[in-house]
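J.: Supplied in structure tokens, the structure appears directly below.
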Amino acid sequence: MPPMAPSTSFSFFFLFFFTFQYTFLVFSTTTTQQRFKEAPKFYNFPTCQTLQHHPNHTCPMNAVHVAMTLDVAYLRGSMAAIFSVLQHSSCPENVIFHFVSAASQPSSFATLNQTLTISFPYLNFRIYPFDDDAVSRLVSTSIRSALDTPLNYARSYLANILPRCVVRVVYLDSDLILVDDIAKLAATSLGDTEVLAAPEYCSADFSAYFTPSFWANPSLSLSFSNRTRPCYFNTGVMVIDLQRWREGDYTTAIEEWMELQKRMRIYELGSLPPFLLVFAGRIAAVDRRWNQHGLGGDNFRGLCRELHPGPVSLMHWSGKGKPWARLDANMPCPLDALWAPYDLLQTHYALQA
């Protein structure tokens, strides 16, 4: 199957179509064992470059490297995200996936590898073990238990986990889909010094991401004093220069803030605040179309939300509500119908009366 032409804007016709379609469907699934369909194979356009040969097959310099965490709990979302990346890529055969999975669950490791191989037999990927037991000692409780999983912090360790020959990587969360060519995102300029790029949201209340005790302590709050304008950014979509990350030893910098958090409460929101403490005001800008986030609602109730104004290249169900869970419960939000076509889970459908 030839690749679909990359989408450059969101069409509300599809929103209407899929919302209408899904009012007639009910998901019937079991959470004990998930089986996924085989995805179609997508091919490069004739204009795509041939991957430059490298002794390590995971390191062609002209490939698009994508990193994601992988676990059984979010596997359904991950499969949909992978499918969407391939479907909208002009050069899908040039995309290499680097999956990070918890080393403490070796049985899951084998299951994940088998699932990927069956559903994407042509996929160029590698799974790396993540020492989640070692990181767990640094993890503090947050406002939502899902944010406390050590694997949620794996994005801070990509420079240590991935081969050193991987210089640039696009990190993606598991609760999103792309509707545009990921090569465009991967080509984001990082300037001369920036380590990572992500969409910024400077209208958000930046102070809300840290506790009053943090702002009341000058030695802590002054951490942002020498930055142009520290703004909130979502860490679910990032372009990272791993070489610059290693040179700056930013994993250690993040861990130092996590260790401080264990001694005194300076934030409430999982793995995000340490990233803000190290990088806010020091990142390269990315158009917000590449992270239409918050579609999962807030961290407490997961209420339905609408898209932000403007074009869309990536939809992100960050927050408590996940589209697969709401669809299974027959309580979807309107935008969940846009995630559903990428769902590879084998299900039985029944028409509603």
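Naming scheme: A, B, ... for chains in displayed order of the structure tokens; residues 1 onward per chain; ligands 1 onward as shown.
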Quick one: residues within 6 Å of stretch 282-294 of chain A, only C-alpha atoms, excluding same-chain residues fewer than 2 positions away - as a short mmCIF file (atom, residue, chain, number, x, y, z; two decimals) with N, CA and C atoms, in the first residue's frame?
T.:
```
data_model
loop_
_atom_site.label_atom_id
_atom_site.label_comp_id
_atom_site.auth_asym_id
_atom_site.auth_seq_id
_atom_site.Cartn_x
_atom_site.Cartn_y
_atom_site.Cartn_z
N LEU A 190 17.28 23.42 15.86
CA LEU A 190 17.62 23.55 17.27
C LEU A 190 18.62 24.67 17.51
N GLU A 194 20.55 25.07 21.57
CA GLU A 194 19.40 24.43 22.21
C GLU A 194 19.52 22.91 22.19
N LEU A 196 16.77 20.87 23.15
CA LEU A 196 15.50 20.27 22.73
C LEU A 196 14.56 21.34 22.19
N ALA A 197 13.57 20.86 21.44
CA ALA A 197 12.54 21.73 20.88
C ALA A 197 11.17 21.15 21.23
N ALA A 198 10.24 22.04 21.51
CA ALA A 198 8.87 21.64 21.83
C ALA A 198 7.97 22.86 21.70
N PRO A 199 6.68 22.66 21.46
CA PRO A 199 5.76 23.80 21.46
C PRO A 199 5.67 24.42 22.85
N PHE A 279 14.98 23.21 31.58
CA PHE A 279 14.93 23.67 30.19
C PHE A 279 14.00 24.84 29.91
N ALA A 280 13.06 25.17 30.78
CA ALA A 280 12.10 26.24 30.47
C ALA A 280 12.84 27.54 30.16
N GLY A 296 -7.19 14.72 26.75
CA GLY A 296 -7.65 13.79 27.76
C GLY A 296 -8.29 14.47 28.95
N GLY A 297 -8.45 15.79 28.86
CA GLY A 297 -9.04 16.54 29.96
C GLY A 297 -8.03 16.82 31.06
N PRO A 311 -4.28 25.13 12.86
CA PRO A 311 -4.05 23.85 12.19
C PRO A 311 -3.57 22.77 13.16
N VAL A 312 -3.71 21.53 12.73
CA VAL A 312 -3.37 20.39 13.59
C VAL A 312 -2.47 19.42 12.82
N SER A 313 -1.35 19.07 13.42
CA SER A 313 -0.49 18.02 12.88
C SER A 313 -0.37 16.84 13.83
N LEU A 314 -0.69 17.06 15.10
CA LEU A 314 -0.58 16.01 16.11
C LEU A 314 -1.63 16.26 17.18
N MET A 315 -2.39 15.22 17.52
CA MET A 315 -3.39 15.31 18.57
C MET A 315 -2.95 14.46 19.75
N HIS A 316 -3.00 15.05 20.94
CA HIS A 316 -2.40 14.44 22.13
C HIS A 316 -3.43 14.38 23.25
N TRP A 317 -3.77 13.15 23.68
CA TRP A 317 -4.75 12.95 24.73
C TRP A 317 -4.07 12.94 26.11
N SER A 318 -3.25 13.97 26.36
CA SER A 318 -2.68 14.11 27.70
C SER A 318 -3.79 14.44 28.68
N GLY A 319 -3.61 14.08 29.95
CA GLY A 319 -4.66 14.22 30.93
C GLY A 319 -5.18 12.84 31.34
#
```
J.: Using DSSP on the backbone coordinates, identify all residues within stretch 88-185 of chain A classified as alpha helix (DSSP H); present the result as JSON, numbers by chain.
T.: {"A": [106, 107, 108, 109, 110, 111, 112, 113, 114, 115, 116, 117, 118, 119, 132, 133, 134, 135, 136, 158, 159, 160, 161, 182, 183, 184, 185]}
J.: Mind dumping the selected residues with N, CA and C atoms as a PDB file, in the first residue's frame?
T.:
```
ATOM      1  N   PRO A 106      10.534  -8.638  32.564  1.00  0.00           N
ATOM      2  CA  PRO A 106      11.070  -9.314  31.372  1.00  0.00           C
ATOM      3  C   PRO A 106      10.022 -10.081  30.587  1.00  0.00           C
ATOM      4  N   SER A 107       8.994 -10.612  31.246  1.00  0.00           N
ATOM      5  CA  SER A 107       7.945 -11.328  30.522  1.00  0.00           C
ATOM      6  C   SER A 107       7.169 -10.381  29.611  1.00  0.00           C
ATOM      7  N   SER A 108       6.915  -9.174  30.104  1.00  0.00           N
ATOM      8  CA  SER A 108       6.249  -8.168  29.272  1.00  0.00           C
ATOM      9  C   SER A 108       7.127  -7.764  28.101  1.00  0.00           C
ATOM     10  N   PHE A 109       8.430  -7.744  28.328  1.00  0.00           N
ATOM     11  CA  PHE A 109       9.392  -7.391  27.281  1.00  0.00           C
ATOM     12  C   PHE A 109       9.211  -8.308  26.076  1.00  0.00           C
ATOM     13  N   ALA A 110       9.115  -9.613  26.328  1.00  0.00           N
ATOM     14  CA  ALA A 110       8.937 -10.581  25.248  1.00  0.00           C
ATOM     15  C   ALA A 110       7.587 -10.413  24.571  1.00  0.00           C
ATOM     16  N   THR A 111       6.549 -10.158  25.369  1.00  0.00           N
ATOM     17  CA  THR A 111       5.206  -9.972  24.815  1.00  0.00           C
ATOM     18  C   THR A 111       5.148  -8.750  23.910  1.00  0.00           C
ATOM     19  N   LEU A 112       5.764  -7.667  24.343  1.00  0.00           N
ATOM     20  CA  LEU A 112       5.761  -6.443  23.557  1.00  0.00           C
ATOM     21  C   LEU A 112       6.494  -6.647  22.235  1.00  0.00           C
ATOM     22  N   ASN A 113       7.617  -7.327  22.282  1.00  0.00           N
ATOM     23  CA  ASN A 113       8.392  -7.580  21.072  1.00  0.00           C
ATOM     24  C   ASN A 113       7.583  -8.422  20.089  1.00  0.00           C
ATOM     25  N   GLN A 114       6.909  -9.450  20.588  1.00  0.00           N
ATOM     26  CA  GLN A 114       6.102 -10.307  19.727  1.00  0.00           C
ATOM     27  C   GLN A 114       4.922  -9.542  19.126  1.00  0.00           C
ATOM     28  N   THR A 115       4.282  -8.720  19.933  1.00  0.00           N
ATOM     29  CA  THR A 115       3.139  -7.950  19.449  1.00  0.00           C
ATOM     30  C   THR A 115       3.540  -7.007  18.328  1.00  0.00           C
ATOM     31  N   LEU A 116       4.645  -6.306  18.506  1.00  0.00           N
ATOM     32  CA  LEU A 116       5.129  -5.391  17.475  1.00  0.00           C
ATOM     33  C   LEU A 116       5.479  -6.137  16.197  1.00  0.00           C
ATOM     34  N   THR A 117       6.127  -7.285  16.341  1.00  0.00           N
ATOM     35  CA  THR A 117       6.558  -8.048  15.177  1.00  0.00           C
ATOM     36  C   THR A 117       5.374  -8.569  14.382  1.00  0.00           C
ATOM     37  N   ILE A 118       4.317  -8.978  15.075  1.00  0.00           N
ATOM     38  CA  ILE A 118       3.134  -9.503  14.395  1.00  0.00           C
ATOM     39  C   ILE A 118       2.344  -8.394  13.707  1.00  0.00           C
ATOM     40  N   SER A 119       2.161  -7.279  14.379  1.00  0.00           N
ATOM     41  CA  SER A 119       1.355  -6.195  13.806  1.00  0.00           C
ATOM     42  C   SER A 119       2.117  -5.340  12.806  1.00  0.00           C
ATOM     43  N   ASP A 132      13.998   0.564  35.714  1.00  0.00           N
ATOM     44  CA  ASP A 132      12.953   1.283  36.434  1.00  0.00           C
ATOM     45  C   ASP A 132      13.085   1.129  37.947  1.00  0.00           C
ATOM     46  N   ASP A 133      13.655   0.024  38.414  1.00  0.00           N
ATOM     47  CA  ASP A 133      13.841  -0.148  39.856  1.00  0.00           C
ATOM     48  C   ASP A 133      14.803   0.901  40.412  1.00  0.00           C
ATOM     49  N   ALA A 134      15.872   1.189  39.678  1.00  0.00           N
ATOM     50  CA  ALA A 134      16.846   2.183  40.137  1.00  0.00           C
ATOM     51  C   ALA A 134      16.247   3.579  40.158  1.00  0.00           C
ATOM     52  N   VAL A 135      15.416   3.888  39.173  1.00  0.00           N
ATOM     53  CA  VAL A 135      14.823   5.227  39.078  1.00  0.00           C
ATOM     54  C   VAL A 135      13.701   5.406  40.101  1.00  0.00           C
ATOM     55  N   SER A 136      13.059   4.316  40.496  1.00  0.00           N
ATOM     56  CA  SER A 136      11.919   4.413  41.410  1.00  0.00           C
ATOM     57  C   SER A 136      12.285   5.087  42.733  1.00  0.00           C
ATOM     58  N   LEU A 158      17.027   8.991  27.881  1.00  0.00           N
ATOM     59  CA  LEU A 158      17.213   8.533  26.508  1.00  0.00           C
ATOM     60  C   LEU A 158      18.663   8.632  26.053  1.00  0.00           C
ATOM     61  N   ALA A 159      19.359   9.672  26.484  1.00  0.00           N
ATOM     62  CA  ALA A 159      20.755   9.852  26.072  1.00  0.00           C
ATOM     63  C   ALA A 159      21.642   8.735  26.603  1.00  0.00           C
ATOM     64  N   ASN A 160      21.235   8.117  27.708  1.00  0.00           N
ATOM     65  CA  ASN A 160      21.998   7.010  28.276  1.00  0.00           C
ATOM     66  C   ASN A 160      21.582   5.663  27.704  1.00  0.00           C
ATOM     67  N   ILE A 161      20.335   5.575  27.254  1.00  0.00           N
ATOM     68  CA  ILE A 161      19.775   4.290  26.819  1.00  0.00           C
ATOM     69  C   ILE A 161      20.047   4.026  25.343  1.00  0.00           C
ATOM     70  N   ILE A 182       6.011  13.107  10.063  1.00  0.00           N
ATOM     71  CA  ILE A 182       6.897  13.277  11.208  1.00  0.00           C
ATOM     72  C   ILE A 182       8.262  13.825  10.803  1.00  0.00           C
ATOM     73  N   ALA A 183       8.637  13.658   9.532  1.00  0.00           N
ATOM     74  CA  ALA A 183       9.921  14.198   9.075  1.00  0.00           C
ATOM     75  C   ALA A 183       9.970  15.712   9.228  1.00  0.00           C
ATOM     76  N   LYS A 184       8.821  16.361   9.097  1.00  0.00           N
ATOM     77  CA  LYS A 184       8.774  17.818   9.283  1.00  0.00           C
ATOM     78  C   LYS A 184       9.112  18.190  10.720  1.00  0.00           C
ATOM     79  N   LEU A 185       8.566  17.437  11.663  1.00  0.00           N
ATOM     80  CA  LEU A 185       8.851  17.689  13.073  1.00  0.00           C
ATOM     81  C   LEU A 185      10.310  17.384  13.386  1.00  0.00           C
TER      82      LEU A 185
END
```
J.: Please identify all polymer residues within 10 Å of stretch 139-141 of chain A, counting only C-alpha atoms, omitting same-chain residues fewer than 6 positions from it, and present them as a PyMOL selection string.
T.: chain A and resi 147-150+152-153+255+258-259+261-263+265+267-271
J.: May I have the residues from that selection written out with N, CA and C atoms, as an mmCIF file, in the first residue's frame?
T.:
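part-v6.cif, written as the output of this step:
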```cif
data_model
loop_
_atom_site.group_PDB
_atom_site.id
_atom_site.type_symbol
_atom_site.label_atom_id
_atom_site.label_comp_id
_atom_site.auth_asym_id
_atom_site.auth_seq_id
_atom_site.Cartn_x
_atom_site.Cartn_y
_atom_site.Cartn_z
ATOM 1 N N LEU A 147 1.143 9.094 36.785
ATOM 2 C CA LEU A 147 2.341 9.908 36.582
ATOM 3 C C LEU A 147 3.518 9.440 37.427
ATOM 4 N N ASP A 148 3.253 8.528 38.382
ATOM 5 C CA ASP A 148 4.291 8.082 39.302
ATOM 6 C C ASP A 148 5.037 6.852 38.808
ATOM 7 N N THR A 149 4.635 6.294 37.693
ATOM 8 C CA THR A 149 5.299 5.118 37.153
ATOM 9 C C THR A 149 6.726 5.472 36.738
ATOM 10 N N PRO A 150 7.731 4.717 37.185
ATOM 11 C CA PRO A 150 9.118 5.035 36.818
ATOM 12 C C PRO A 150 9.339 5.149 35.315
ATOM 13 N N ASN A 152 7.563 6.493 33.240
ATOM 14 C CA ASN A 152 7.191 7.843 32.825
ATOM 15 C C ASN A 152 8.389 8.787 32.842
ATOM 16 N N TYR A 153 9.435 8.414 33.547
ATOM 17 C CA TYR A 153 10.648 9.228 33.648
ATOM 18 C C TYR A 153 11.726 8.795 32.657
ATOM 19 N N GLU A 255 17.953 14.713 37.713
ATOM 20 C CA GLU A 255 17.966 13.875 38.912
ATOM 21 C C GLU A 255 18.197 14.692 40.180
ATOM 22 N N MET A 258 14.963 16.024 41.211
ATOM 23 C CA MET A 258 14.135 14.941 41.741
ATOM 24 C C MET A 258 14.550 14.578 43.167
ATOM 25 N N GLU A 259 15.846 14.605 43.426
ATOM 26 C CA GLU A 259 16.331 14.326 44.781
ATOM 27 C C GLU A 259 15.887 15.412 45.758
ATOM 28 N N GLN A 261 13.185 17.184 45.444
ATOM 29 C CA GLN A 261 11.751 16.971 45.608
ATOM 30 C C GLN A 261 11.465 15.916 46.681
ATOM 31 N N LYS A 262 12.340 14.945 46.824
ATOM 32 C CA LYS A 262 12.162 13.926 47.863
ATOM 33 C C LYS A 262 12.343 14.517 49.264
ATOM 34 N N ARG A 263 13.133 15.589 49.359
ATOM 35 C CA ARG A 263 13.414 16.203 50.663
ATOM 36 C C ARG A 263 12.404 17.291 51.007
ATOM 37 N N ARG A 265 8.796 19.382 49.214
ATOM 38 C CA ARG A 265 7.813 19.351 48.129
ATOM 39 C C ARG A 265 7.889 20.643 47.329
ATOM 40 N N TYR A 267 7.043 20.580 43.747
ATOM 41 C CA TYR A 267 6.108 20.476 42.620
ATOM 42 C C TYR A 267 5.188 19.287 42.853
ATOM 43 N N GLU A 268 4.140 19.177 41.978
ATOM 44 C CA GLU A 268 3.111 18.163 42.167
ATOM 45 C C GLU A 268 2.860 17.291 40.936
ATOM 46 N N LEU A 269 3.504 17.582 39.828
ATOM 47 C CA LEU A 269 3.059 17.011 38.553
ATOM 48 C C LEU A 269 4.075 16.069 37.908
ATOM 49 N N GLY A 270 4.532 15.058 38.602
ATOM 50 C CA GLY A 270 5.324 13.992 37.994
ATOM 51 C C GLY A 270 6.618 14.422 37.352
ATOM 52 N N SER A 271 6.854 13.911 36.134
ATOM 53 C CA SER A 271 8.142 14.110 35.455
ATOM 54 C C SER A 271 8.253 15.447 34.740
#
```
J.: Using only C-alpha atoms, find the one residue out of A:Ala63, A:Cys165, A:Val85, A:Cys91 that sits nearest to A:Cys48.
T.: A:Cys91
J.: Pick the closest to A:Ala80 from A:Arg126, A:Arg168, A:Lys37, A:Arg305: which is it, counting only C-alpha atoms?
T.: A:Lys37
J.: Just want the 9 Å neighbourhood of A:Arg326, counted on only C-alpha atoms, with same-chain residues fewer than 6 positions away dropped. Output as a PyMOL selection string.
T.: chain A and resi 332-333+336
J.: Would you mind listing what lies within 8 Å of A:Tyr201 as number ranges by chain, with only C-alpha atoms counted and same-chain residues fewer than 2 positions away left out?
T.: A: 199, 203-204, 231-233
J.: Quick one: pick out all strand (DSSP E or B) residues within stretch 23-260 of chain A from a backbone DSSP run and write them as JSON, numbers by chain.
T.: {"A": [25, 26, 27, 28, 36, 64, 65, 66, 67, 68, 69, 95, 96, 97, 98, 99, 100, 101, 102, 125, 126, 127, 128, 129, 130, 168, 169, 170, 171, 172, 176, 177, 178, 196, 197, 198, 200, 201, 232, 233, 237, 238, 239, 240, 241]}
J.: Give the answer as one residue: which of A:Cys59, A:Met238, A:Val167, A:Ile266 has the shortest atom-to-atom distance to A:Ser142, using only C-alpha atoms?
T.: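 Residue with the minimum atom-to-atom distance to A:Ser142: A:Ile266.
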J.: Find the residue from A:Ala103, A:Leu178, A:Val95, A:Ala253 that sits nearest to A:Val64; use only C-alpha atoms when measuring.
T.: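 Smallest distance to A:Val64 is found for A:Val95.
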J.: For A:Asp180, which residue out of A:Pro46, A:Pro129, A:Pro92, A:Gly236 is the nearest one, using only C-alpha atoms?
T.: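 Nearest to A:Asp180: A:Pro92.
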J.: Looking at A:Met264, A:Arg227, A:Tyr250, A:Ser189, which one is nearest to A:Phe214, with distances taken over only C-alpha atoms?
T.: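 Ranked by minimum distance to A:Phe214, first place goes to A:Met264.
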J.: What does the distance from atom CA of A:Lys320 to atom CA of A:Ser78 come to in Å, to one decimal?
T.: 16.3 Å
